[in-house]
>>> print(open('target16.csv').read())   # CSV, C-alpha atoms and all ligand atoms
chain,number,residue,atom,x,y,z
V,1,MET,CA,14.7,23.6,74.9
V,2,ALA,CA,12.2,21.9,77.2
V,3,VAL,CA,13.7,19.9,80.1
V,4,PHE,CA,12.1,16.6,80.9
V,5,LYS,CA,12.8,14.3,83.9
V,6,LEU,CA,15.7,12.1,83.3
V,7,GLU,CA,14.7,9.4,85.8
V,8,ASN,CA,13.8,6.0,84.5
V,9,VAL,CA,10.0,6.0,84.2
V,10,GLU,CA,9.8,2.4,85.3
V,11,ASP,CA,11.4,3.2,88.7
V,12,LEU,CA,8.3,5.4,89.4
V,13,TYR,CA,5.6,3.7,87.4
V,14,GLU,CA,4.7,0.1,86.9
V,15,ILE,CA,4.0,-0.4,83.2
V,16,GLY,CA,0.7,-2.1,82.3
V,17,GLU,CA,-1.3,-3.1,79.2
V,18,VAL,CA,-1.3,-1.3,75.9
V,19,LEU,CA,-4.3,1.1,75.5
V,20,GLY,CA,-3.7,2.2,72.0
V,21,SER,CA,-1.1,3.0,69.4
V,22,GLY,CA,-0.2,6.1,67.4
V,23,HIS,CA,2.2,6.7,64.6
V,24,PHE,CA,5.1,7.2,66.9
V,25,GLY,CA,4.6,4.8,69.7
V,26,GLN,CA,2.2,3.2,72.2
V,27,VAL,CA,0.0,4.4,74.9
V,28,ARG,CA,0.0,2.1,78.0
V,29,GLU,CA,-1.8,2.0,81.3
V,30,VAL,CA,0.7,2.7,84.2
V,31,ARG,CA,0.4,2.6,88.0
V,32,GLU,CA,2.3,5.1,90.1
V,33,ARG,CA,4.3,3.1,92.5
V,34,ALA,CA,4.2,5.6,95.3
V,35,SER,CA,0.4,6.3,95.3
V,36,GLY,CA,-1.1,3.3,93.4
V,37,VAL,CA,-2.9,5.8,91.1
V,38,ARG,CA,-3.4,4.7,87.5
V,39,TRP,CA,-2.4,6.9,84.6
V,40,ALA,CA,-1.8,6.5,80.9
V,41,ALA,CA,1.8,6.8,79.5
V,42,LYS,CA,2.3,7.9,75.9
V,43,PHE,CA,5.7,6.5,74.7
V,44,LEU,CA,7.0,8.6,71.8
V,45,LYS,CA,10.0,7.5,69.8
V,46,ILE,CA,12.3,10.4,69.0
V,47,ARG,CA,14.3,10.8,65.8
V,48,ARG,CA,18.0,10.0,66.3
V,49,GLY,CA,19.5,12.4,63.8
V,50,ALA,CA,18.6,15.1,61.4
V,51,GLY,CA,18.7,12.7,58.5
V,52,SER,CA,16.5,10.0,60.1
V,53,ARG,CA,12.8,9.9,59.3
V,54,LEU,CA,11.8,7.4,61.9
V,55,GLY,CA,10.2,8.8,65.1
V,56,MET,CA,9.1,12.2,66.0
V,57,GLU,CA,11.2,15.4,66.1
V,58,ARG,CA,12.0,16.3,69.7
V,59,LYS,CA,10.7,19.8,68.9
V,60,SER,CA,7.3,18.5,68.0
V,61,VAL,CA,7.1,16.6,71.3
V,62,GLU,CA,8.2,19.8,73.1
V,63,ARG,CA,5.4,21.7,71.4
V,64,GLU,CA,2.8,19.1,72.3
V,65,VAL,CA,4.0,19.1,75.9
V,66,GLU,CA,3.9,23.0,76.1
V,67,LEU,CA,0.4,23.1,74.7
V,68,LEU,CA,-0.9,20.4,77.1
V,69,GLN,CA,0.8,22.2,80.0
V,70,ALA,CA,-1.2,25.4,79.0
V,71,LEU,CA,-4.5,23.5,79.0
V,72,GLN,CA,-6.3,22.7,82.2
V,73,HIS,CA,-10.0,21.8,81.5
V,74,HIS,CA,-12.1,18.8,82.3
V,75,ASN,CA,-12.8,18.2,78.7
V,76,VAL,CA,-9.1,18.2,77.7
V,77,MET,CA,-6.7,15.3,78.6
V,78,ALA,CA,-4.5,16.4,81.5
V,79,LEU,CA,-0.7,16.1,81.4
V,80,LYS,CA,1.0,15.1,84.7
V,81,ASP,CA,4.7,14.5,83.9
V,82,VAL,CA,7.2,14.1,81.2
V,83,PHE,CA,10.3,11.7,81.2
V,84,GLU,CA,13.1,11.4,78.7
V,85,CYS,CA,15.1,8.3,78.3
V,86,ARG,CA,17.5,7.7,75.4
V,87,ALA,CA,15.4,7.9,72.2
V,88,GLU,CA,12.1,8.0,73.9
V,89,ILE,CA,10.0,10.6,75.6
V,90,VAL,CA,7.2,9.4,77.9
V,91,LEU,CA,4.2,11.6,78.7
V,92,ILE,CA,2.3,10.7,81.8
V,93,VAL,CA,-1.3,11.7,81.2
V,94,GLU,CA,-4.7,11.3,82.7
V,95,LEU,CA,-6.1,7.8,82.2
V,96,ILE,CA,-9.2,7.9,80.0
V,97,SER,CA,-11.1,4.7,80.6
V,98,GLY,CA,-14.4,5.1,78.6
V,99,GLY,CA,-13.0,4.6,75.1
V,100,GLU,CA,-14.0,6.6,72.1
V,101,LEU,CA,-17.2,8.5,72.0
V,102,PHE,CA,-18.3,7.0,68.7
V,103,ASP,CA,-17.8,3.5,70.0
V,104,PHE,CA,-19.9,4.3,73.0
V,105,ILE,CA,-22.7,5.7,70.9
V,106,ALA,CA,-22.6,2.8,68.4
V,107,GLU,CA,-23.4,0.4,71.2
V,108,LYS,CA,-26.8,2.1,71.7
V,109,GLU,CA,-30.1,1.1,70.2
V,110,ASN,CA,-31.2,4.7,69.6
V,111,LEU,CA,-30.2,8.2,70.6
V,112,THR,CA,-32.2,11.4,70.4
V,113,GLU,CA,-30.6,14.6,69.2
V,114,SER,CA,-30.9,16.0,72.7
V,115,GLU,CA,-28.8,13.1,74.0
V,116,ALA,CA,-26.2,13.6,71.2
V,117,ILE,CA,-26.1,17.3,72.0
V,118,GLU,CA,-25.0,16.6,75.6
V,119,PHE,CA,-21.8,15.1,74.2
V,120,LEU,CA,-21.4,17.8,71.5
V,121,LYS,CA,-21.8,20.5,74.1
V,122,GLN,CA,-18.9,19.1,76.1
V,123,ILE,CA,-16.7,18.9,73.0
V,124,LEU,CA,-17.5,22.5,72.2
V,125,GLN,CA,-16.8,23.5,75.8
V,126,GLY,CA,-13.3,21.9,75.5
V,127,VAL,CA,-12.7,23.5,72.1
V,128,SER,CA,-14.0,26.9,73.2
V,129,TYR,CA,-11.5,26.8,76.1
V,130,MET,CA,-8.6,25.8,73.8
V,131,HIS,CA,-9.5,28.6,71.4
V,132,SER,CA,-9.7,31.1,74.3
V,133,LYS,CA,-6.1,30.2,74.9
V,134,HIS,CA,-5.5,30.8,71.1
V,135,ILE,CA,-4.8,27.0,70.7
V,136,CYS,CA,-6.2,25.2,67.8
V,137,HIS,CA,-6.2,21.3,67.8
V,138,PHE,CA,-6.2,20.9,64.0
V,139,ASP,CA,-6.9,17.1,64.3
V,140,LEU,CA,-10.4,16.9,65.7
V,141,LYS,CA,-11.9,13.6,64.6
V,142,PRO,CA,-13.8,10.7,66.3
V,143,GLU,CA,-10.5,8.9,67.3
V,144,ASN,CA,-9.5,11.9,69.3
V,145,ILE,CA,-12.7,12.3,71.2
V,146,MET,CA,-12.8,10.0,74.2
V,147,LEU,CA,-14.9,9.5,77.3
V,148,SER,CA,-13.7,9.5,80.9
V,149,SER,CA,-15.9,6.4,81.7
V,150,ASN,CA,-18.5,4.4,80.0
V,151,THR,CA,-21.2,4.8,82.5
V,152,LEU,CA,-23.8,7.6,82.1
V,153,PRO,CA,-24.3,10.2,83.5
V,154,ASN,CA,-20.8,10.2,85.1
V,155,THR,CA,-18.8,10.6,82.0
V,156,ASP,CA,-16.9,13.5,80.5
V,157,ILE,CA,-15.7,14.1,77.1
V,158,LYS,CA,-11.9,14.2,76.9
V,159,ILE,CA,-10.1,15.6,73.8
V,160,ILE,CA,-6.8,13.9,73.2
V,161,ASP,CA,-3.8,14.0,70.8
V,162,PHE,CA,-2.4,17.5,70.5
V,163,GLY,CA,0.3,16.4,68.1
V,164,MET,CA,-1.0,18.7,65.4
V,165,ALA,CA,-2.1,21.5,67.7
V,166,HIS,CA,-0.8,25.1,67.3
V,167,ARG,CA,-0.8,28.1,69.6
V,168,PHE,CA,-1.4,31.3,67.6
V,169,ILE,CA,0.7,34.3,68.4
V,170,GLN,CA,-0.8,37.7,67.6
V,171,GLY,CA,0.1,38.9,64.1
V,172,GLU,CA,1.5,35.5,63.1
V,173,GLU,CA,0.5,33.8,59.9
V,174,TYR,CA,0.4,30.1,60.3
V,175,ARG,CA,0.0,27.6,57.5
V,176,SER,CA,0.1,23.8,57.6
V,177,MET,CA,-1.0,20.9,55.4
V,178,GLY,CA,-1.4,18.4,58.2
V,179,GLY,CA,-4.6,16.7,59.1
V,180,THR,CA,-6.9,13.9,58.3
V,181,PRO,CA,-8.5,14.3,54.8
V,182,GLN,CA,-12.2,13.7,55.9
V,183,TYR,CA,-12.0,16.3,58.6
V,184,ILE,CA,-9.7,19.1,57.3
V,185,ALA,CA,-10.9,22.5,56.3
V,186,PRO,CA,-10.6,23.9,52.7
V,187,GLU,CA,-8.0,26.5,53.9
V,188,VAL,CA,-5.7,23.7,55.0
V,189,ILE,CA,-5.9,22.0,51.6
V,190,ASN,CA,-5.3,25.4,49.9
V,191,TYR,CA,-2.4,26.1,52.1
V,192,GLU,CA,-3.9,29.4,53.2
V,193,PRO,CA,-3.3,31.2,56.6
V,194,LEU,CA,-5.1,29.2,59.3
V,195,SER,CA,-7.0,30.2,62.4
V,196,THR,CA,-9.0,28.5,65.2
V,197,ALA,CA,-11.8,28.3,62.6
V,198,GLY,CA,-10.1,25.2,61.3
V,199,ASP,CA,-11.4,23.2,64.3
V,200,MET,CA,-14.9,24.5,63.7
V,201,TRP,CA,-15.0,23.0,60.2
V,202,SER,CA,-14.0,19.6,61.8
V,203,MET,CA,-16.8,20.1,64.3
V,204,GLY,CA,-19.2,20.5,61.4
V,205,VAL,CA,-18.0,17.2,59.8
V,206,ILE,CA,-18.1,15.3,63.1
V,207,THR,CA,-21.7,16.5,63.8
V,208,PHE,CA,-22.8,15.6,60.2
V,209,ILE,CA,-21.4,12.1,60.7
V,210,LEU,CA,-22.9,11.8,64.2
V,211,LEU,CA,-26.4,12.6,62.9
V,212,SER,CA,-26.4,10.6,59.7
V,213,GLY,CA,-23.6,8.0,59.7
V,214,LEU,CA,-22.4,9.6,56.5
V,215,SER,CA,-19.1,11.4,56.0
V,216,PRO,CA,-20.0,14.6,54.1
V,217,PHE,CA,-17.0,14.8,51.8
V,218,GLN,CA,-15.7,11.2,51.7
V,219,GLY,CA,-14.6,10.2,48.2
V,220,ASN,CA,-13.2,6.9,47.0
V,221,THR,CA,-9.7,8.2,47.3
V,222,ASP,CA,-8.0,10.9,49.5
V,223,GLU,CA,-7.6,13.1,46.4
V,224,GLU,CA,-11.3,12.9,45.7
V,225,THR,CA,-12.2,13.7,49.3
V,226,LEU,CA,-10.0,16.8,49.2
V,227,ARG,CA,-11.6,17.9,45.9
V,228,ASN,CA,-15.0,17.5,47.4
V,229,ILE,CA,-14.0,19.6,50.4
V,230,VAL,CA,-12.6,22.4,48.3
V,231,GLY,CA,-15.6,22.2,46.0
V,232,MET,CA,-18.0,22.3,49.0
V,233,LEU,CA,-19.7,19.2,47.6
V,234,TYR,CA,-21.9,18.0,50.3
V,235,GLU,CA,-25.7,17.6,50.8
V,236,PHE,CA,-28.2,16.5,53.4
V,237,ASP,CA,-29.8,13.7,51.4
V,238,ASP,CA,-33.3,12.8,52.5
V,239,CYS,CA,-32.6,9.2,52.9
V,240,HIS,CA,-30.0,9.7,55.6
V,241,PHE,CA,-31.4,12.9,57.2
V,242,SER,CA,-35.1,12.0,57.5
V,243,GLN,CA,-34.9,11.9,61.3
V,244,THR,CA,-32.8,15.1,61.6
V,245,SER,CA,-34.2,18.5,62.8
V,246,ALA,CA,-34.0,21.6,60.7
V,247,MET,CA,-32.1,23.2,63.6
V,248,ALA,CA,-29.4,20.5,63.4
V,249,LYS,CA,-29.0,21.1,59.7
V,250,ASP,CA,-28.7,24.8,60.2
V,251,PHE,CA,-26.0,24.2,62.9
V,252,ILE,CA,-24.0,22.1,60.5
V,253,GLN,CA,-24.5,24.6,57.6
V,254,LYS,CA,-23.1,27.4,59.7
V,255,LEU,CA,-19.9,25.3,60.3
V,256,LEU,CA,-19.3,23.9,56.9
V,257,VAL,CA,-18.7,27.4,55.5
V,258,LYS,CA,-15.8,27.9,53.1
V,259,ALA,CA,-14.7,31.3,54.4
V,260,PRO,CA,-13.1,30.7,57.9
V,261,ASN,CA,-14.1,34.0,59.3
V,262,GLU,CA,-17.8,33.4,58.5
V,263,ARG,CA,-17.9,30.0,60.3
V,264,MET,CA,-19.5,29.9,63.7
V,265,SER,CA,-17.0,30.0,66.6
V,266,ALA,CA,-17.2,27.5,69.4
V,267,GLU,CA,-18.7,30.1,71.6
V,268,GLU,CA,-21.3,30.9,69.0
V,269,CYS,CA,-22.0,27.2,68.6
V,270,LEU,CA,-22.8,26.9,72.3
V,271,ASN,CA,-25.4,29.7,71.9
V,272,HIS,CA,-27.0,28.2,68.7
V,273,PRO,CA,-30.6,27.3,69.4
V,274,TRP,CA,-30.0,23.6,68.6
V,275,ILE,CA,-27.4,23.5,71.4
V,276,LYS,CA,-29.1,26.0,73.7
V,277,PRO,CA,-32.8,26.1,72.9
V,278,LEU,CA,-34.7,29.2,73.8
V,279,THR,CA,-38.3,28.0,73.4
V,280,ARG,CA,-40.2,24.9,74.4
V,281,THR,CA,-40.9,24.1,70.7
V,282,GLN,CA,-37.1,24.0,70.1
V,283,VAL,CA,-36.7,21.6,73.0
V,284,ALA,CA,-39.5,19.4,71.7
V,285,LYS,CA,-38.0,19.3,68.2
V,286,ARG,CA,-34.6,18.1,69.5
V,287,ASN,CA,-36.3,15.4,71.6
V,288,ARG,CA,-38.4,14.2,68.7
V,289,SER,CA,-35.4,14.0,66.3
V,290,SER,CA,-32.9,11.2,66.5
V,291,ILE,CA,-29.7,10.1,65.0
V,292,ASN,CA,-29.6,7.6,62.1
V,293,MET,CA,-28.4,4.8,64.3
V,294,ARG,CA,-28.4,2.1,61.7
V,295,ASN,CA,-26.2,4.0,59.4
V,296,PHE,CA,-24.1,5.4,62.2
V,297,LYS,CA,-23.3,1.8,63.4
V,298,ARG,CA,-22.3,0.9,59.8
V,299,PHE,CA,-20.0,4.0,59.6
V,300,ASN,CA,-18.4,3.2,62.9
V,301,ALA,CA,-17.8,-0.5,62.1
V,302,LYS,CA,-16.2,0.5,58.8
V,303,ARG,CA,-14.0,3.1,60.6
V,304,LYS,CA,-12.8,0.6,63.1
V,305,TRP,CA,-12.1,-1.9,60.4
V,306,LYS,CA,-10.0,0.6,58.5
V,307,MET,CA,-8.1,1.6,61.7
V,308,SER,CA,-7.1,-2.0,62.3
V,309,TYR,CA,-6.2,-2.6,58.6
V,310,ASN,CA,-4.0,0.5,58.6
V,311,MET,CA,-2.4,-0.6,61.9
V,312,VAL,CA,-1.5,-4.0,60.5
V,313,SER,CA,-0.2,-2.5,57.2
V,314,ALA,CA,1.9,0.0,59.1
V,315,CYS,CA,3.4,-2.9,61.2
V,316,ASN,CA,4.1,-5.0,58.1
V,317,ARG,CA,5.8,-2.0,56.5
V,318,LEU,CA,8.0,-1.5,59.5
V,319,CYS,CA,8.9,-5.2,59.8
V,320,ARG,CA,9.8,-5.3,56.1
V,321,LEU,CA,11.9,-2.2,56.5
V,322,GLN,CA,13.7,-3.6,59.6
V,323,LEU,CA,14.3,-7.0,57.8
V,324,HIS,CA,15.6,-5.3,54.7
V,325,CYS,CA,17.9,-3.1,56.8
V,326,LYS,CA,19.2,-6.0,58.8
V,327,THR,CA,19.9,-8.4,55.9
V,328,SER,CA,21.7,-5.7,53.9
V,329,ALA,CA,23.7,-4.6,57.0
V,330,LEU,CA,23.1,-1.1,55.9
V,331,GLN,CA,25.1,1.7,57.5
V,332,ASP,CA,23.3,4.8,58.8
V,333,GLU,CA,23.5,6.6,55.5
V,334,GLU,CA,21.9,3.7,53.6
V,335,LEU,CA,19.3,3.3,56.3
V,336,ARG,CA,18.2,6.9,55.7
V,337,GLN,CA,17.8,6.1,52.0
V,338,CYS,CA,15.8,3.1,53.0
V,339,GLU,CA,13.4,5.2,55.0
V,340,SER,CA,12.9,7.8,52.3
V,341,ASP,CA,12.2,5.1,49.7
V,342,GLN,CA,9.3,4.0,51.9
V,343,GLU,CA,7.9,7.5,51.8
V,344,GLU,CA,8.3,7.9,48.1
V,345,SER,CA,5.9,5.0,47.6
V,346,GLU,CA,3.1,7.1,49.2
V,347,THR,CA,0.9,9.2,46.9
V,348,LYS,CA,1.6,12.9,46.6
V,349,THR,CA,-1.4,13.8,48.6
V,350,SER,CA,-0.7,11.4,51.4
V,351,SER,CA,2.8,12.7,51.7
V,352,LEU,CA,1.5,16.2,52.0
V,353,LEU,CA,-1.0,15.1,54.7
V,354,ARG,CA,1.7,12.9,56.2
V,355,ARG,CA,0.7,12.2,59.7
V,356,ARG,CA,-3.0,11.4,59.7
V,357,LEU,CA,-4.1,9.4,56.8
V,358,SER,CA,-4.7,6.3,58.8
V,359,SER,CA,-8.3,6.0,59.8
V,360,SER,CA,-9.7,8.4,57.2
V,361,SER,CA,-10.2,6.7,53.9
V,401,LIG,P1,-1.5,9.6,66.1
V,401,LIG,O1,-0.4,9.0,65.4
V,401,LIG,O2,-2.9,9.2,65.6
V,401,LIG,O3,-1.4,11.1,66.2
V,401,LIG,P2,-0.5,9.5,68.7
V,401,LIG,O4,0.8,8.9,68.7
V,401,LIG,O5,-0.5,11.0,68.8
V,401,LIG,O6,-1.5,9.1,67.6
V,401,LIG,P3,-2.7,9.3,70.5
V,401,LIG,O7,-3.7,9.6,69.4
V,401,LIG,O8,-2.6,10.4,71.6
V,401,LIG,O9,-1.3,8.9,70.0
V,401,LIG,O10,-3.1,7.9,71.2
V,401,LIG,C1,-3.2,6.7,70.5
V,401,LIG,C2,-4.3,5.9,71.1
V,401,LIG,O11,-4.1,5.6,72.5
V,401,LIG,C3,-5.7,6.6,71.1
V,401,LIG,O12,-6.4,6.5,69.9
V,401,LIG,C4,-6.4,6.0,72.3
V,401,LIG,O13,-7.0,4.8,71.9
V,401,LIG,C5,-5.2,5.7,73.2
V,401,LIG,N1,-5.1,6.7,74.2
V,401,LIG,C6,-4.4,7.9,74.1
V,401,LIG,N2,-4.4,8.6,75.2
V,401,LIG,C7,-5.1,7.9,76.1
V,401,LIG,C8,-5.4,8.1,77.5
V,401,LIG,N3,-5.0,9.2,78.1
V,401,LIG,N4,-6.1,7.2,78.2
V,401,LIG,C9,-6.4,6.0,77.5
V,401,LIG,N5,-6.2,5.7,76.2
V,401,LIG,C10,-5.5,6.7,75.5
>>> encode(input="target16.csv", output="structure tokens", more="lines below")
Ligand code: ATP
Amino acid sequence: MAVFKLENVEDLYEIGEVLGSGHFGQVREVRERASGVRWAAKFLKIRRGAGSRLGMERKSVEREVELLQALQHHNVMALKDVFECRAEIVLIVELISGGELFDFIAEKENLTESEAIEFLKQILQGVSYMHSKHICHFDLKPENIMLSSNTLPNTDIKIIDFGMAHRFIQGEEYRSMGGTPQYIAPEVINYEPLSTAGDMWSMGVITFILLSGLSPFQGNTDEETLRNIVGMLYEFDDCHFSQTSAMAKDFIQKLLVKAPNERMSAEECLNHPWIKPLTRTQVAKRNRSSINMRNFKRFNAKRKWKMSYNMVSACNRLCRLQLHCKTSALQDEELRQCESDQEESETKTSSLLRRRLSSSS
């Protein structure tokens, strides 16, 4: 069992504004009292008992911490310290001030493929590093790709949220059905043995969206999205890909491959001519091709709207749940029942893909 510091985090850090929220708590800016250095603190609510469904299992937090401790790379969010206080674990992590990559791009008037590739390259370097440590993120998506600052050229990609990540042990067979529908690989949906190739599928989806503003498998419901993924139903329609180079499409096609072992690895991606051009013609093609900015802005605005909508719905659900529990003066056993009722109202698919439905559909 991992041992975390038992001191009160507020004795050592001044707690500041909320930077973001996840399923199990908030992320806040903090200032270290001794040094004045600013960090981010991720407050995670821990489940109180085996029967409770509110909060995270301590084991999951321990796993996330262990993985973050194993990763030291400038494109991966760094972990500084971990505190435990009653039903909460607090991760002190590097403060990432530049916001989400997709928001940064959506502010621009236009972007060439070459400029987009500079960001993709850094994501791939972070992913390649994780995979070299046999760690797979399993939740790569725009919300988890941030920037260290919002001023070019002094900005680095930072991959965050290792809540779904897994470290593969040799000979181990690992299956999981977690993930965000739009971005998960077919083998996740089919509950087949997984590998680091799972992240490479997500990289294909992210690149597709970045270039076109279209999500390749998005259906009207999560079920339809999952069916589209398993059926490999995607295309480069002329209307959205008119400004895209053939090399970019080839790059995506080599990632959106159903058989995980036939997908490009992160290292292979970094050597693909679209990322690392070998000839002047290839360089020129990347400079001439651009991302479909109009549609990308539309995609991003819709994504942000859905994130806010889901956050409000989640808060409302929680408030209703708390009110119901208070007025009925439920005892612990009844409270548990109350929590599981809430989950039963989810669709079958959403309960399978429990943690990450939020911003996806
Ligand atoms: P989820 O439920 O989506 O898994 P989570 O509880 O694991 O979320 P994160 O995704 O790690 O939490 O963080 C939630 C939000 O907080 C992020 O989307 C981001 O906006 C913000 N955030 C996270 N880490 C940092 C950081 N190091 N610096 C600045 N903001 C951050």
>>> closest_residue(input="target16.csv", among="V:Lys42, V:Arg227, V:His74, V:Lys59", to="ligand LIG 401 (chain V)", atoms="all atoms listed in the file")
V:Lys42
>>> residues_near_ligand(input="target16.csv", ligand="ligand LIG 401 (chain V)", cutoff="6 Å", atoms="all atoms listed in the file", output="MDAnalysis selection string")
chainID V and resid 19:25 27 40 93:97 143 160:161 163
>>> residues_around(input="target16.csv", residues="Ile89 (chain V)", least_positions_apart="3", cutoff="8 Å", atoms="all atoms listed in the file", output="list in words")
Phe43, Leu44, Lys45, Ile46, Val61, Val82, Phe83, Glu84 and Cys85 of chain V
>>> atom_distance(input="target16.csv", atom1="CA of Gly126 (chain V)", atom2="CA of Ala266 (chain V)")
9.2 Å
>>> atom_distance(input="target16.csv", atom1="CA of Thr279 (chain V)", atom2="CA of Gln122 (chain V)")
21.5 Å
>>> residues_near_point(input="target16.csv", point="(-26.7, 13.3, 54.3)", cutoff="10 Å", atoms="all atoms listed in the file", output="MDAnalysis selection string")
chainID V and resid 208:209 211:216 234:242 244 249
>>> residues_around(input="target16.csv", residues="region 202-207 of chain V", least_positions_apart="6", cutoff="6 Å", atoms="all atoms listed in the file", output="list in words")
Leu140, Tyr183, Ile252, Leu255 and Leu256 of chain V
>>> residues_near_point(input="target16.csv", point="(-15.5, 4.4, 80.5)", cutoff="9 Å", atoms="only C-alpha atoms", output="list in words")
Ile96, Ser97, Gly98, Gly99, Glu100, Phe104, Met146, Leu147, Ser148, Ser149, Asn150, Thr151 and Thr155 of chain V
>>> closest_residue(input="target16.csv", among="V:Arg31, V:Gln218, V:Leu111, V:Met130", to="Leu68 (chain V)", atoms="only C-alpha atoms")
V:Met130
>>> atom_distance(input="target16.csv", atom1="CA of Ala41 (chain V)", atom2="CA of Leu71 (chain V)")
17.9 Å
>>> residues_around(input="target16.csv", residues="Ala116 (chain V)", least_positions_apart="6", cutoff="9 Å", atoms="all atoms listed in the file", output="mmCIF file with C-alpha atoms, keeping the file's coordinate frame")
data_model
loop_
_atom_site.group_PDB
_atom_site.id
_atom_site.type_symbol
_atom_site.label_atom_id
_atom_site.label_comp_id
_atom_site.auth_asym_id
_atom_site.auth_seq_id
_atom_site.Cartn_x
_atom_site.Cartn_y
_atom_site.Cartn_z
ATOM 1 C CA ILE V 105 -22.700 5.700 70.900
ATOM 2 C CA LEU V 210 -22.900 11.800 64.200
ATOM 3 C CA LEU V 211 -26.400 12.600 62.900
ATOM 4 C CA SER V 290 -32.900 11.200 66.500
ATOM 5 C CA ILE V 291 -29.700 10.100 65.000
#
>>> residues_around(input="target16.csv", residues="Asn300 (chain V)", least_positions_apart="5", cutoff="9 Å", atoms="all atoms listed in the file", output="mmCIF file with C-alpha atoms, in the frame of the given file")
data_model
loop_
_atom_site.group_PDB
_atom_site.id
_atom_site.type_symbol
_atom_site.label_atom_id
_atom_site.label_comp_id
_atom_site.auth_asym_id
_atom_site.auth_seq_id
_atom_site.Cartn_x
_atom_site.Cartn_y
_atom_site.Cartn_z
ATOM 1 C CA PHE V 102 -18.300 7.000 68.700
ATOM 2 C CA ASP V 103 -17.800 3.500 70.000
ATOM 3 C CA ALA V 106 -22.600 2.800 68.400
ATOM 4 C CA GLY V 213 -23.600 8.000 59.700
ATOM 5 C CA ASN V 295 -26.200 4.000 59.400
ATOM 6 C CA TRP V 305 -12.100 -1.900 60.400
#
>>> closest_atom_pairs(input="target16.csv", of="region 180-217 of chain V", to="region 258-263 of chain V", cutoff="8 Å", atoms="all atoms listed in the file", output="tab-separated table")
residue	atom	partner	partner_atom	distance
V:Ala185	CA	V:Lys258	CA	8.0
V:Pro186	CA	V:Lys258	CA	6.6
V:Glu187	CA	V:Pro260	CA	7.7
V:Ser195	CA	V:Pro260	CA	7.6
V:Ala197	CA	V:Pro260	CA	5.4
V:Gly198	CA	V:Pro260	CA	7.1
V:Met200	CA	V:Arg263	CA	7.1
V:Trp201	CA	V:Arg263	CA	7.6
>>> closest_residue(input="target16.csv", among="V:Tyr309, V:Phe119, V:Phe299, V:Trp274", to="Phe251 (chain V)", atoms="only C-alpha atoms")
V:Trp274
>>> closest_residue(input="target16.csv", among="V:Asn287, V:Ser245, V:Asn144, V:Gln26", to="Phe162 (chain V)", atoms="all atoms listed in the file")
V:Asn144
>>> closest_residue(input="target16.csv", among="V:Thr112, V:Ser308, V:Thr221, V:Ser128", to="His73 (chain V)", atoms="all atoms listed in the file")
V:Ser128
>>> residues_around(input="target16.csv", residues="Thr196 (chain V)", least_positions_apart="6", cutoff="9 Å", atoms="only C-alpha atoms", output="PyMOL selection string")
chain V and resi 131+134-138+168+260+265
